[in-house]
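J.: Here it is, the structure in full.
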Amino acid sequence: MLLTSIGRALPAFLLFTGALGTPVEQRQASVDTFITSQRAVSIEGVLANIGADGSKAQGAAAGIVVASPSRSNPDYWYTWTRDSALTYKALVERFIAGDTTLRKKLDEYVSSQTYLQTVSNPSGGPDTGGLGEPKFNVDRTAFTGAWGRPQRDGPPLRATALTLYANWLIANGNTTQAANTLWPIIAKDLAYAVKYWNQTGFDLWEEVNGSSFFTLAATHRALAEGAALATKLSKTCDGCATAAPQILCFLQGFWTGSYIDSNINVNDGRTGKDVNSIISSIHTLDPASACTSTTFQPCSSRALLNHKAVTDSFRTVYGVNNGIPQGKAVAVGRYSEDVYYNGNPWYLATLAAAEQLYAAVYQWNTIGSITVDSVSLPFFKDLLPSITTGTYASGSATFKSIVSAVTTYGDGYVAVVQKYTPANGGLAEQFDKSSGSPLSAVDLTWSYAAFLTATDRRAGTVGPTWGEKSNNVPPTTCTAPPSCNVQVTFNERATTTFGENVFIVGQLTQLGNWDPNSAIPLSASKYTSSDPLWYATVSLPSSTSFAYKYIRKTSSGTVVWESDPNRSYTTSSGCGSTSTQNDTWR
Ligand code: NOJ
Ligand code: NOJ
């Protein structure tokens with residue numbers, strides 16, 4: 001049966017040679033054709049969304065990546081640190097692979113981010129948590145509206161994009177630019193990561209305030225390669241080398257035994273099967289790595305079983321997936337419980353599923369063997385029902401069958417994207433789960449970048465190593481990082497009637513995560529009619545910015561919120577320090 005599938009592919013091989021040099025079946029020729037034209041549309045789509053000269057980014061400052069030109073329903077006319085960094089990571093890889101025309105764009109990104117790091121915003125100032133701000137206006141001013149903040153993936157993702165560029169500069173005779181222009185940005189992002197990695201924050205989908213697998217995986221990579229870059233540049237990266245193994249230790253706790261639980265330390269009522277984890281694996285691909293499960297490498301047993309768990313979770317929730325048998329590619333969204341735009345498949349999520357498969361094939365070809373073990377067996381069985389556990393060397397028929405089947409499976413995800421891509425190649429954020437029509441933000445930069453990276457992997461193009469090999473052994477026990485808390489006393493003057501009580505509620509776990517049922521009660525022990533003081537002293541993490549409000553609960557249990565806007569506060573950096581905030585009910 002395994003031999004048959006190889007045999008069947010041989011005649012087609014003469015006509016259509018896949019970019020991997022592996023035989024592809026004739027019906028995939030249209031995928032190849034689609035990829036060629038869609039790659040051209042995608043690089044154009046990315047560049048059109050970058051200021052100052054991008055055709056769809058007019059008004060955005062130089063080097064600023066606009067998430068989408070959509071100005072309403074939804075309004076994505078902002079620059080997100082995450083989208084920008086992932087996009088620029090793809091551009092740097094493309095530059096390294098030979099597209100020298102991108103040099104100016106890379107340097108403009110460097111300048112734009114140097115500036116953005118100085119902009120105080122609702123997450124804090126430059127040294128007090130502000131780097132965790134998720135998005136800015138396209139003219140580089142702060143966005144001050146309500147948002148799920150902070151998001152701690154931005155700094156490590158940016159550090160990684162810039163580290164790739166810095167290493168290229170060093171290798172190409174421009175250590176000065178790397179040291180003087182790039183390192184200062186990278187150093188600030190790494191310092192942020194060292195300081196805050198153990199604090200909760202919002203996930204990449206801007207919804208869940210907890211510990212996100214993606215954020216921590218990105219942080220681990222950034223600190224590992226950042227420490228190495230510092231050494232190369234004779235700089236120091238304080239705390240990077242000690243935090244990295246602790247984060248790796250922490251990451252092991254997201255593995256449930258059958259999939260990665262993408263969000264922990266939060267009660268979000270979800271399974272945790274989320275493309276968050278697949279995007280983590282593809283982001284941390286190291287071409288020099290073995291299929292290491294501790295770092296959830298694309299070809300690792302854990303990441304393969306997780307790929308199955310996550311993609312299977314979408315089989316029954318989207319009409320467009322109806323009738324697609326097990327083992328064949330489906331449309332993939334963020335997570336099955338998603339309700340954003342009623343919950344639909346996303347182009348970048350479906351492409352991430354393809355990218356992991358192509359990356360795994362790359363890794364197997366590099367390593368020269370494939371190990372199927374009891375963890376990964378269910379993944380492989382979907383594709384090759386008669387496969388058994390074992391290690392298959394690159395010359396073997398089974399090795400070839402696996403590579404062929406996994407490549408075909410990856411092409412299936414690209415074919416799903418192809419099916420729901422309009423004729424002009426425009427990639428929106430989502431496509432309708434029933435009709436397949438493009439939905440939400442048009443021309444989403446991240447969708448285009450995801451197309452480029454997925455098809456780069458398919459062609460065997462990967463970025464340089466980030467040192468996974470020397471950063472993949474977690475310490476046997478995780479030492480709890482030193483907790484650094486501060487005491488803040490909140491004084492709220494609120495005239496109340498008998499039976500009413502005042503509470504504080506806000507964006508932090510310690511403040512009930514905005515849930516009135518988990519709000520912190522204030523004491524009325526000092527309340528007088530001339531000084532209606534309600535107060536509480538709360539222990540909060542240091543150097544943290546957050547939004548909060550007071551609420552009152554009446555004797556009948558009704559919750560009354562203070563009027564808008566939210567209040568905001570940034571705790572001091574001094575461990576154990578005390579401070580007081582005076583507010584009056586509004
Ligand atoms: C906008 C965010 O960008 C999106 O990810 C989220 O799902 C919605 N807000 C709803 O919170
Ligand atoms: C919503 C997505 O959930 C988030 O990840 C992204 O950063 C923004 N849209 C902008 O594209």
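Each chain in the structure tokens gets a letter, A, B, ..., in the order shown, and its residues are numbered from 1; ligands are numbered from 1 in order too.
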Residues up to 12 Å from ligand 1, counting only C-alpha atoms and all ligand atoms: could you list those as a ChimeraX atom specification?
T.: /A:67-68,73-80,82-83,134-135,146-149,151,202-209,333-335,337-344,346,429-430,440-441
J.: Please run DSSP on the backbone and report, as a ChimeraX atom specification, all residues within region 135-297 of chain A that come out as strand (DSSP E or B).
T.: /A:135-137,142,201-202,209-212,255,260,263-264,274
J.: Just to be explicit: take each residue in the selection above, keep N, CA, C and O atoms, and write the result as a PDB file, in the first residue's frame.
T.:
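The resulting file, result.pdb, is reproduced below:
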```pdb
ATOM      1  N   LYS A 135      -1.135  47.947  20.058  1.00  0.00           N
ATOM      2  CA  LYS A 135      -1.242  48.628  18.757  1.00  0.00           C
ATOM      3  C   LYS A 135      -1.130  50.138  18.908  1.00  0.00           C
ATOM      4  O   LYS A 135      -1.387  50.696  19.976  1.00  0.00           O
ATOM      5  N   PHE A 136      -0.738  50.782  17.828  1.00  0.00           N
ATOM      6  CA  PHE A 136      -0.572  52.233  17.779  1.00  0.00           C
ATOM      7  C   PHE A 136      -1.303  52.769  16.559  1.00  0.00           C
ATOM      8  O   PHE A 136      -1.593  52.019  15.616  1.00  0.00           O
ATOM      9  N   ASN A 137      -1.562  54.068  16.586  1.00  0.00           N
ATOM     10  CA  ASN A 137      -2.095  54.707  15.386  1.00  0.00           C
ATOM     11  C   ASN A 137      -1.022  54.683  14.299  1.00  0.00           C
ATOM     12  O   ASN A 137       0.179  54.628  14.599  1.00  0.00           O
ATOM     13  N   ALA A 142       0.066  57.187  20.218  1.00  0.00           N
ATOM     14  CA  ALA A 142      -0.533  56.126  21.034  1.00  0.00           C
ATOM     15  C   ALA A 142      -2.016  55.979  20.725  1.00  0.00           C
ATOM     16  O   ALA A 142      -2.710  56.962  20.451  1.00  0.00           O
ATOM     17  N   GLY A 201      -1.077  38.297  30.698  1.00  0.00           N
ATOM     18  CA  GLY A 201      -1.345  39.343  29.719  1.00  0.00           C
ATOM     19  C   GLY A 201      -2.321  38.773  28.703  1.00  0.00           C
ATOM     20  O   GLY A 201      -2.714  37.598  28.805  1.00  0.00           O
ATOM     21  N   PHE A 202      -2.686  39.577  27.729  1.00  0.00           N
ATOM     22  CA  PHE A 202      -3.645  39.106  26.724  1.00  0.00           C
ATOM     23  C   PHE A 202      -2.949  38.263  25.661  1.00  0.00           C
ATOM     24  O   PHE A 202      -1.809  38.531  25.292  1.00  0.00           O
ATOM     25  N   ASN A 209      -6.915  36.938  29.110  1.00  0.00           N
ATOM     26  CA  ASN A 209      -5.870  37.481  29.968  1.00  0.00           C
ATOM     27  C   ASN A 209      -5.346  36.360  30.864  1.00  0.00           C
ATOM     28  O   ASN A 209      -5.949  36.008  31.861  1.00  0.00           O
ATOM     29  N   GLY A 210      -4.230  35.794  30.462  1.00  0.00           N
ATOM     30  CA  GLY A 210      -3.675  34.663  31.209  1.00  0.00           C
ATOM     31  C   GLY A 210      -2.256  34.399  30.728  1.00  0.00           C
ATOM     32  O   GLY A 210      -1.542  35.335  30.349  1.00  0.00           O
ATOM     33  N   SER A 211      -1.856  33.139  30.717  1.00  0.00           N
ATOM     34  CA  SER A 211      -0.545  32.767  30.185  1.00  0.00           C
ATOM     35  C   SER A 211      -0.776  32.104  28.830  1.00  0.00           C
ATOM     36  O   SER A 211      -1.415  31.053  28.751  1.00  0.00           O
ATOM     37  N   SER A 212      -0.261  32.724  27.781  1.00  0.00           N
ATOM     38  CA  SER A 212      -0.466  32.240  26.418  1.00  0.00           C
ATOM     39  C   SER A 212       0.752  31.463  25.937  1.00  0.00           C
ATOM     40  O   SER A 212       1.890  31.940  26.037  1.00  0.00           O
ATOM     41  N   TRP A 255       1.497  21.291  27.947  1.00  0.00           N
ATOM     42  CA  TRP A 255       1.236  20.028  27.250  1.00  0.00           C
ATOM     43  C   TRP A 255       0.278  19.177  28.090  1.00  0.00           C
ATOM     44  O   TRP A 255       0.577  18.859  29.240  1.00  0.00           O
ATOM     45  N   ILE A 260      -1.606  20.796  23.049  1.00  0.00           N
ATOM     46  CA  ILE A 260      -1.116  21.961  23.784  1.00  0.00           C
ATOM     47  C   ILE A 260      -2.332  22.795  24.207  1.00  0.00           C
ATOM     48  O   ILE A 260      -3.144  23.166  23.357  1.00  0.00           O
ATOM     49  N   ASN A 263      -3.977  28.392  26.345  1.00  0.00           N
ATOM     50  CA  ASN A 263      -4.108  29.433  27.374  1.00  0.00           C
ATOM     51  C   ASN A 263      -4.261  28.792  28.743  1.00  0.00           C
ATOM     52  O   ASN A 263      -5.225  28.057  28.967  1.00  0.00           O
ATOM     53  N   ILE A 264      -3.326  29.072  29.632  1.00  0.00           N
ATOM     54  CA  ILE A 264      -3.476  28.570  30.995  1.00  0.00           C
ATOM     55  C   ILE A 264      -3.468  29.748  31.969  1.00  0.00           C
ATOM     56  O   ILE A 264      -3.289  30.892  31.561  1.00  0.00           O
ATOM     57  N   ASP A 274      -6.186  25.464  19.940  1.00  0.00           N
ATOM     58  CA  ASP A 274      -6.167  26.806  19.361  1.00  0.00           C
ATOM     59  C   ASP A 274      -4.988  26.854  18.397  1.00  0.00           C
ATOM     60  O   ASP A 274      -3.900  26.338  18.715  1.00  0.00           O
TER      61      ASP A 274
END
```
J.: Would you mind listing what lies within 6 Å of region 417-426 of chain A as a list of chain:residue names, with only C-alpha atoms counted and same-chain residues fewer than 3 positions away left out?
T.: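 Result of the neighbour search: A:Val414, A:Gly436, A:Asp443.
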J.: Excluding same-chain residues fewer than 6 positions from region 115-131 of chain A, what lies within 8 Å of it counting only C-alpha atoms, as a PyMOL selection string?
T.: chain A and resi 140-144+149-150+154-155+185+189+192+543-546+568+570+573
J.: Would you save the residues of that selection, restricted to N, CA, C and O atoms, as a PDB file, in the first residue's frame?
T.:
```pdb
ATOM      1  N   ARG A 140       2.040  56.802  14.344  1.00  0.00           N
ATOM      2  CA  ARG A 140       2.948  56.459  15.434  1.00  0.00           C
ATOM      3  C   ARG A 140       2.554  57.085  16.779  1.00  0.00           C
ATOM      4  O   ARG A 140       3.324  57.044  17.734  1.00  0.00           O
ATOM      5  N   THR A 141       1.363  57.657  16.868  1.00  0.00           N
ATOM      6  CA  THR A 141       0.910  58.140  18.169  1.00  0.00           C
ATOM      7  C   THR A 141       0.231  56.990  18.912  1.00  0.00           C
ATOM      8  O   THR A 141      -0.151  55.985  18.314  1.00  0.00           O
ATOM      9  N   ALA A 142       0.066  57.187  20.218  1.00  0.00           N
ATOM     10  CA  ALA A 142      -0.533  56.126  21.034  1.00  0.00           C
ATOM     11  C   ALA A 142      -2.016  55.979  20.725  1.00  0.00           C
ATOM     12  O   ALA A 142      -2.710  56.962  20.451  1.00  0.00           O
ATOM     13  N   PHE A 143      -2.491  54.771  20.783  1.00  0.00           N
ATOM     14  CA  PHE A 143      -3.930  54.494  20.707  1.00  0.00           C
ATOM     15  C   PHE A 143      -4.420  54.456  22.151  1.00  0.00           C
ATOM     16  O   PHE A 143      -3.893  53.696  22.967  1.00  0.00           O
ATOM     17  N   THR A 144      -5.403  55.278  22.465  1.00  0.00           N
ATOM     18  CA  THR A 144      -5.766  55.408  23.878  1.00  0.00           C
ATOM     19  C   THR A 144      -7.124  54.802  24.221  1.00  0.00           C
ATOM     20  O   THR A 144      -7.582  54.912  25.345  1.00  0.00           O
ATOM     21  N   ARG A 149      -5.123  44.800  26.803  1.00  0.00           N
ATOM     22  CA  ARG A 149      -3.714  45.124  26.982  1.00  0.00           C
ATOM     23  C   ARG A 149      -3.307  44.793  28.401  1.00  0.00           C
ATOM     24  O   ARG A 149      -4.168  44.814  29.287  1.00  0.00           O
ATOM     25  N   PRO A 150      -2.011  44.515  28.623  1.00  0.00           N
ATOM     26  CA  PRO A 150      -0.944  44.456  27.621  1.00  0.00           C
ATOM     27  C   PRO A 150      -0.967  43.125  26.880  1.00  0.00           C
ATOM     28  O   PRO A 150      -1.623  42.180  27.304  1.00  0.00           O
ATOM     29  N   GLY A 154       4.483  41.035  21.670  1.00  0.00           N
ATOM     30  CA  GLY A 154       5.043  42.029  20.753  1.00  0.00           C
ATOM     31  C   GLY A 154       6.551  42.196  20.878  1.00  0.00           C
ATOM     32  O   GLY A 154       7.285  42.043  19.886  1.00  0.00           O
ATOM     33  N   PRO A 155       7.054  42.499  22.089  1.00  0.00           N
ATOM     34  CA  PRO A 155       8.507  42.703  22.209  1.00  0.00           C
ATOM     35  C   PRO A 155       9.350  41.497  21.776  1.00  0.00           C
ATOM     36  O   PRO A 155      10.284  41.670  20.981  1.00  0.00           O
ATOM     37  N   ILE A 185      17.208  48.558  20.254  1.00  0.00           N
ATOM     38  CA  ILE A 185      15.784  48.180  20.234  1.00  0.00           C
ATOM     39  C   ILE A 185      15.630  46.781  20.808  1.00  0.00           C
ATOM     40  O   ILE A 185      14.767  46.523  21.652  1.00  0.00           O
ATOM     41  N   ASP A 189      13.473  45.339  24.132  1.00  0.00           N
ATOM     42  CA  ASP A 189      12.432  44.309  24.036  1.00  0.00           C
ATOM     43  C   ASP A 189      12.787  43.102  24.915  1.00  0.00           C
ATOM     44  O   ASP A 189      11.905  42.518  25.555  1.00  0.00           O
ATOM     45  N   TYR A 192      12.222  43.905  28.516  1.00  0.00           N
ATOM     46  CA  TYR A 192      10.779  43.801  28.808  1.00  0.00           C
ATOM     47  C   TYR A 192      10.412  42.340  29.043  1.00  0.00           C
ATOM     48  O   TYR A 192       9.714  42.001  30.005  1.00  0.00           O
ATOM     49  N   SER A 543       5.557  47.275  38.278  1.00  0.00           N
ATOM     50  CA  SER A 543       5.726  47.798  36.906  1.00  0.00           C
ATOM     51  C   SER A 543       4.653  47.314  35.947  1.00  0.00           C
ATOM     52  O   SER A 543       4.943  46.852  34.851  1.00  0.00           O
ATOM     53  N   THR A 544       3.426  47.416  36.392  1.00  0.00           N
ATOM     54  CA  THR A 544       2.339  46.900  35.564  1.00  0.00           C
ATOM     55  C   THR A 544       1.264  47.969  35.398  1.00  0.00           C
ATOM     56  O   THR A 544       0.872  48.615  36.357  1.00  0.00           O
ATOM     57  N   SER A 545       0.846  48.131  34.156  1.00  0.00           N
ATOM     58  CA  SER A 545      -0.222  49.090  33.875  1.00  0.00           C
ATOM     59  C   SER A 545      -1.520  48.342  33.667  1.00  0.00           C
ATOM     60  O   SER A 545      -1.517  47.280  33.062  1.00  0.00           O
ATOM     61  N   PHE A 546      -2.562  48.911  34.170  1.00  0.00           N
ATOM     62  CA  PHE A 546      -3.848  48.223  34.021  1.00  0.00           C
ATOM     63  C   PHE A 546      -4.977  49.232  34.108  1.00  0.00           C
ATOM     64  O   PHE A 546      -4.804  50.353  34.578  1.00  0.00           O
ATOM     65  N   SER A 568      -6.952  54.253  34.897  1.00  0.00           N
ATOM     66  CA  SER A 568      -5.752  53.452  34.649  1.00  0.00           C
ATOM     67  C   SER A 568      -4.705  53.741  35.720  1.00  0.00           C
ATOM     68  O   SER A 568      -4.712  54.811  36.349  1.00  0.00           O
ATOM     69  N   THR A 570      -0.439  52.578  36.933  1.00  0.00           N
ATOM     70  CA  THR A 570       0.783  51.815  36.698  1.00  0.00           C
ATOM     71  C   THR A 570       1.477  51.630  38.037  1.00  0.00           C
ATOM     72  O   THR A 570       1.760  52.616  38.729  1.00  0.00           O
ATOM     73  N   SER A 573       8.039  50.190  40.233  1.00  0.00           N
ATOM     74  CA  SER A 573       8.944  49.070  39.974  1.00  0.00           C
ATOM     75  C   SER A 573       9.551  48.515  41.249  1.00  0.00           C
ATOM     76  O   SER A 573      10.095  47.423  41.248  1.00  0.00           O
TER      77      SER A 573
END
```
J.: Using only C-alpha atoms, can you tell me which of A:Thr408, A:Thr455, A:Ile367, A:Thr176 comes closest to Cys299 (chain A)?
T.: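 Nearest candidate to Cys299 (chain A) out of A:Thr408, A:Thr455, A:Ile367, A:Thr176: A:Ile367.
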J.: From the set A:Leu452, A:Leu351, A:Leu251, A:Val361, which residue has the shortest atom-to-atom contact distance to Val473 (chain A), counting only C-alpha atoms?
T.: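 Ranked by minimum distance to Val473 (chain A), first place goes to A:Leu251.
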J.: I want to know what sits within 8 Å of region 53-60 of chain A, based on only C-alpha atoms, with residues of the same chain fewer than 4 positions away left out; could you give that as a count of residues only?
T.: 9
J.: Please, what distance in Å, to one decimal, runs between CA of Lys232 (chain A) and CA of Ala178 (chain A)?
T.: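 Between CA of Lys232 (chain A) and CA of Ala178 (chain A) the gap is 10.4 Å.
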J.: Could you state the separation of CA of Thr453 (chain A) and CA of Phe399 (chain A) in Å, given to one decimal place?
T.: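 According to the coordinates, CA of Thr453 (chain A) and CA of Phe399 (chain A) are separated by 24.6 Å.
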J.: Counting only C-alpha atoms, which of A:Trp561, A:Phe34, A:Tyr550, A:Phe490 gets nearest to Ala536 (chain A)?
T.: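 Result for the nearest residue to Ala536 (chain A): A:Phe490.
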J.: Within 7 Å of Ala244 (chain A), counting only C-alpha atoms, which residues show up once you throw out same-chain ones fewer than 6 positions away? Write them as a list in words, please.
T.: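 Near Ala244 (chain A), the qualifying residues are His220, Leu223 and Ala224 of chain A.
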J.: For Asn365 (chain A), find every residue with an atom within 9 Å (counting only C-alpha atoms), except residues of its own chain fewer than 4 positions away, and show them as a ChimeraX atom specification.
T.: /A:360-361,369-370,394,403
J.: Please, could you write that set of residues out with N, CA and C atoms as a PDB file, in the first residue's frame?
T.:
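And here's part37.pdb as it stands now:
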```pdb
ATOM      1  N   ALA A 360       7.881  20.351   8.891  1.00  0.00           N
ATOM      2  CA  ALA A 360       8.220  19.003   9.375  1.00  0.00           C
ATOM      3  C   ALA A 360       8.936  18.232   8.271  1.00  0.00           C
ATOM      4  N   VAL A 361       8.429  18.321   7.059  1.00  0.00           N
ATOM      5  CA  VAL A 361       9.064  17.616   5.935  1.00  0.00           C
ATOM      6  C   VAL A 361      10.497  18.123   5.757  1.00  0.00           C
ATOM      7  N   SER A 369      15.779  11.007   8.715  1.00  0.00           N
ATOM      8  CA  SER A 369      14.928   9.914   9.183  1.00  0.00           C
ATOM      9  C   SER A 369      13.659  10.477   9.822  1.00  0.00           C
ATOM     10  N   ILE A 370      12.696   9.595   9.971  1.00  0.00           N
ATOM     11  CA  ILE A 370      11.439   9.969  10.632  1.00  0.00           C
ATOM     12  C   ILE A 370      11.170   8.936  11.717  1.00  0.00           C
ATOM     13  N   SER A 394      15.971   7.760   5.519  1.00  0.00           N
ATOM     14  CA  SER A 394      15.560   8.512   4.333  1.00  0.00           C
ATOM     15  C   SER A 394      15.496   7.696   3.041  1.00  0.00           C
ATOM     16  N   VAL A 403       6.804  11.345   3.639  1.00  0.00           N
ATOM     17  CA  VAL A 403       7.091  12.672   3.087  1.00  0.00           C
ATOM     18  C   VAL A 403       6.065  13.039   2.019  1.00  0.00           C
TER      19      VAL A 403
END
```
J.: So how far away is CA of Val406 (chain A) from CA of Leu357 (chain A), in Å?
T.: 6.3 Å
J.: From the list A:Leu348, A:Thr160, A:Asp107, A:Lys235, which residue is nearest ligand 2 when using only C-alpha atoms and all ligand atoms?
T.: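 Closest to ligand 2, using only C-alpha atoms and all ligand atoms: A:Leu348.
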J.: Check the smallest atom-to-atom distance from each of A:Thr558, A:Thr87, A:Ser262, A:Thr256 to ligand 2 using only C-alpha atoms and all ligand atoms, then report the winner.
T.: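 Checking each candidate against ligand 2, we get A:Thr87 as the closest.
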J.: I need the residue nearest Ile43 (chain A) from this list: A:Tyr358, A:Tyr88, A:Trp183, A:Tyr196. Use only C-alpha atoms for the distance.
T.: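 Using only C-alpha atoms, the shortest distance to Ile43 (chain A) belongs to A:Tyr88.
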